[in-house]
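J.: Starting off with a structure, shown below.
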Amino acid sequence: MSNTSNKVHQITRMAILVAIIFLLAFTPLGYLSIGPIAATTIQMPVIIGAAMMGPVSGAVLGGFFGLSALVKVLTMPGADPFATLALAHSPFAYILVCMGSRILMGWLAGLLNAGLKRVPVLGDRASVVRYGVTGLIGSGLNTVFYLGMLWGLCAEVISSYYGVDLSGVGALVIGTAYAAGIPEALVSCVVVAAVCKALERIGGRNWSARAAV
């Protein structure tokens, strides 16, 4: 009976986080404007789920993150002309970029948090620091994996869309990673730490007790 209840609670939590992912993906809440830079916030529910429920849950949530991006491109092609062009140029490559980078990010964020739990100074009393580090690095992984895979698999699309030579695509991608990735990571650090700590206090150990590594 207890196992059934635990599974129901786990599914409910996953469903809530998936709903938040799609809410962020299809509303302006998914992007936080910081001056001329738009920092993505959609990775945060993935990292929160990974930190609280483990790497498997993180990978599943990352898959939904990628799926939300694909659904948005298919249903709202004008919202992201570059993504629409990349999908039309090579559907397989763009699907791999969207899904693969986010699944890997969610999985590694869960592993990272689980590994940090074993560091004595980052135990229960300092869990907010652990969550902050997971949020910071997890967001950084999202930026590196997504832009890195985009560079590797869709370099021609980047070159065509932005009017740069193929040899200059690397510099463009790296510059974007710094400009957008750093604000995203800092925001993610604060938000993930605050939300995870609040969930820990509200739900006790129920969120993380079954987080499998």
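Lettering and numbering for the structure tokens are positional, with chains as A, B, ... in the shown order, residues counted from 1 in each chain, and ligands counted from 1 in the shown order.
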As a ChimeraX atom specification, list the residues of region 14-172 of chain A assigned to alpha helix (DSSP H) by DSSP on the backbone atoms of this structure.
T.: /A:14-25,43-53,55-75,81-89,91-117,127-162,169-172
J.: Report as a Markdown table: every residue of region 52-72 of chain A with an atom at most 6 Å from region 91-104 of chain A, its closest pair of atoms, and their distance in Å to one decimal, counting only C-alpha atoms, with rows sorted by chain and ascending residue number.
T.:
| residue | atom | partner | partner_atom | distance |
| --- | --- | --- | --- | --- |
| A:Ala59 | CA | A:Ile103 | CA | 4.5 |
| A:Gly62 | CA | A:Ile103 | CA | 4.3 |
| A:Gly63 | CA | A:Ile103 | CA | 5.1 |
| A:Gly66 | CA | A:Met99 | CA | 4.5 |
J.: Using only C-alpha atoms, which protein or nucleic acid residues come within 7 Å of region 144-151 of chain A? Drop anything in the same chain fewer than 3 positions from it, and give the result as a PyMOL selection string.
T.: chain A and resi 97+101+140-141+154-155+173
J.: Please list as a list in words every residue within 8 Å of region 186-201 of chain A, counting only C-alpha atoms and excluding residues in the same chain fewer than 3 positions away.
T.: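 Once the nearby chain positions are removed, what remains is Thr41, Met44, Ile47, Ile48, Ala51, Met52, Ser127, Val128, Val129, Arg130, Tyr131, Gly132, Val133, Thr134, Gly135, Leu136, Ser139, Ile182, Pro183, Gly204, Arg205 and Trp207 of chain A.
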J.: Could you save those same residues with C-alpha atoms as a PDB file, in the first residue's frame?
T.:
ATOM      1  CA  THR A  41      14.178  29.469 -17.444  1.00  0.00           C
ATOM      2  CA  MET A  44      14.883  24.981 -14.015  1.00  0.00           C
ATOM      3  CA  ILE A  47      17.007  20.562 -12.618  1.00  0.00           C
ATOM      4  CA  ILE A  48      14.652  20.839  -9.629  1.00  0.00           C
ATOM      5  CA  ALA A  51      17.845  17.296  -7.644  1.00  0.00           C
ATOM      6  CA  MET A  52      14.783  16.198  -5.667  1.00  0.00           C
ATOM      7  CA  SER A 127      21.629  21.489   1.226  1.00  0.00           C
ATOM      8  CA  VAL A 128      20.755  24.959  -0.075  1.00  0.00           C
ATOM      9  CA  VAL A 129      24.372  25.316  -1.240  1.00  0.00           C
ATOM     10  CA  ARG A 130      24.211  21.891  -2.893  1.00  0.00           C
ATOM     11  CA  TYR A 131      21.013  22.822  -4.693  1.00  0.00           C
ATOM     12  CA  GLY A 132      22.514  26.126  -5.792  1.00  0.00           C
ATOM     13  CA  VAL A 133      25.586  24.407  -7.234  1.00  0.00           C
ATOM     14  CA  THR A 134      23.353  21.884  -9.006  1.00  0.00           C
ATOM     15  CA  GLY A 135      21.257  24.714 -10.453  1.00  0.00           C
ATOM     16  CA  LEU A 136      24.329  26.629 -11.595  1.00  0.00           C
ATOM     17  CA  SER A 139      22.017  25.249 -16.376  1.00  0.00           C
ATOM     18  CA  ILE A 182      26.075  33.034 -17.634  1.00  0.00           C
ATOM     19  CA  PRO A 183      22.859  34.951 -16.764  1.00  0.00           C
ATOM     20  CA  GLY A 204      10.556  16.508   4.372  1.00  0.00           C
ATOM     21  CA  ARG A 205      12.543  13.645   2.885  1.00  0.00           C
ATOM     22  CA  TRP A 207      10.854  14.154  -2.269  1.00  0.00           C
TER      23      TRP A 207
END
J.: Could you work out how far CA of Ala83 (chain A) lies from CA of Ala109 (chain A), giving the answer in Å with one decimal?
T.: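 Going from CA of Ala109 (chain A) over to CA of Ala83 (chain A) covers 25.1 Å.
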J.: Given the choices A:Phe64, A:Val56, A:Ile174, A:Thr4, which gets closest to Leu17 (chain A) if the distance is worked out from only C-alpha atoms?
T.: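 When distances to Leu17 (chain A) are compared using only C-alpha atoms, the smallest one comes from A:Phe64.
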J.: Can you check which residues of region 27-208 of chain A DSSP gives as strand (DSSP E or B) on the backbone and send them as a ChimeraX atom specification?
T.: /A:31-34,37-40
J.: Write the residues you've just listed into a file as a short mmCIF file (atom, residue, chain, number, x, y, z; two decimals), in the first residue's frame, and include all heavy atoms for each of them.
T.:
data_model
loop_
_atom_site.label_atom_id
_atom_site.label_comp_id
_atom_site.auth_asym_id
_atom_site.auth_seq_id
_atom_site.Cartn_x
_atom_site.Cartn_y
_atom_site.Cartn_z
N TYR A 31 11.33 32.95 -20.62
CA TYR A 31 12.51 33.75 -20.92
C TYR A 31 12.52 34.99 -20.03
O TYR A 31 11.55 35.73 -19.99
CB TYR A 31 12.52 34.16 -22.40
CG TYR A 31 12.53 32.97 -23.32
CD1 TYR A 31 11.34 32.44 -23.79
CD2 TYR A 31 13.73 32.36 -23.69
CE1 TYR A 31 11.34 31.32 -24.61
CE2 TYR A 31 13.74 31.24 -24.50
CZ TYR A 31 12.53 30.73 -24.97
OH TYR A 31 12.54 29.63 -25.77
N LEU A 32 13.61 35.17 -19.33
CA LEU A 32 13.76 36.32 -18.45
C LEU A 32 14.71 37.32 -19.09
O LEU A 32 15.88 37.02 -19.33
CB LEU A 32 14.33 35.87 -17.09
CG LEU A 32 14.62 36.95 -16.07
CD1 LEU A 32 13.32 37.64 -15.65
CD2 LEU A 32 15.32 36.36 -14.84
N SER A 33 14.19 38.51 -19.42
CA SER A 33 15.01 39.52 -20.08
C SER A 33 15.93 40.21 -19.08
O SER A 33 15.49 40.73 -18.07
CB SER A 33 14.11 40.56 -20.76
OG SER A 33 13.36 39.97 -21.79
N ILE A 34 17.22 40.18 -19.38
CA ILE A 34 18.23 40.86 -18.57
C ILE A 34 19.00 41.78 -19.51
O ILE A 34 19.96 41.36 -20.16
CB ILE A 34 19.19 39.85 -17.88
CG1 ILE A 34 18.40 38.83 -17.06
CG2 ILE A 34 20.20 40.57 -17.00
CD1 ILE A 34 19.25 37.74 -16.48
N ILE A 37 19.80 40.55 -23.16
CA ILE A 37 19.90 39.10 -23.14
C ILE A 37 18.61 38.48 -22.61
O ILE A 37 18.04 38.96 -21.63
CB ILE A 37 21.09 38.63 -22.26
CG1 ILE A 37 22.40 39.22 -22.80
CG2 ILE A 37 21.16 37.13 -22.22
CD1 ILE A 37 22.73 38.82 -24.21
N ALA A 38 18.14 37.41 -23.27
CA ALA A 38 16.97 36.66 -22.79
C ALA A 38 17.47 35.35 -22.19
O ALA A 38 17.97 34.48 -22.90
CB ALA A 38 16.00 36.39 -23.93
N ALA A 39 17.37 35.23 -20.88
CA ALA A 39 17.83 34.02 -20.19
C ALA A 39 16.70 32.99 -20.13
O ALA A 39 15.60 33.31 -19.69
CB ALA A 39 18.30 34.37 -18.78
N THR A 40 16.96 31.79 -20.59
CA THR A 40 15.96 30.72 -20.57
C THR A 40 15.75 30.23 -19.14
O THR A 40 16.71 30.06 -18.39
CB THR A 40 16.43 29.54 -21.45
OG1 THR A 40 16.70 30.03 -22.76
CG2 THR A 40 15.37 28.46 -21.52
#
J.: Given only C-alpha atoms as the basis, pick out the residue of A:Ile21, A:Leu172, A:Val157, A:Ala177 nearest to His89 (chain A).
T.: A:Val157
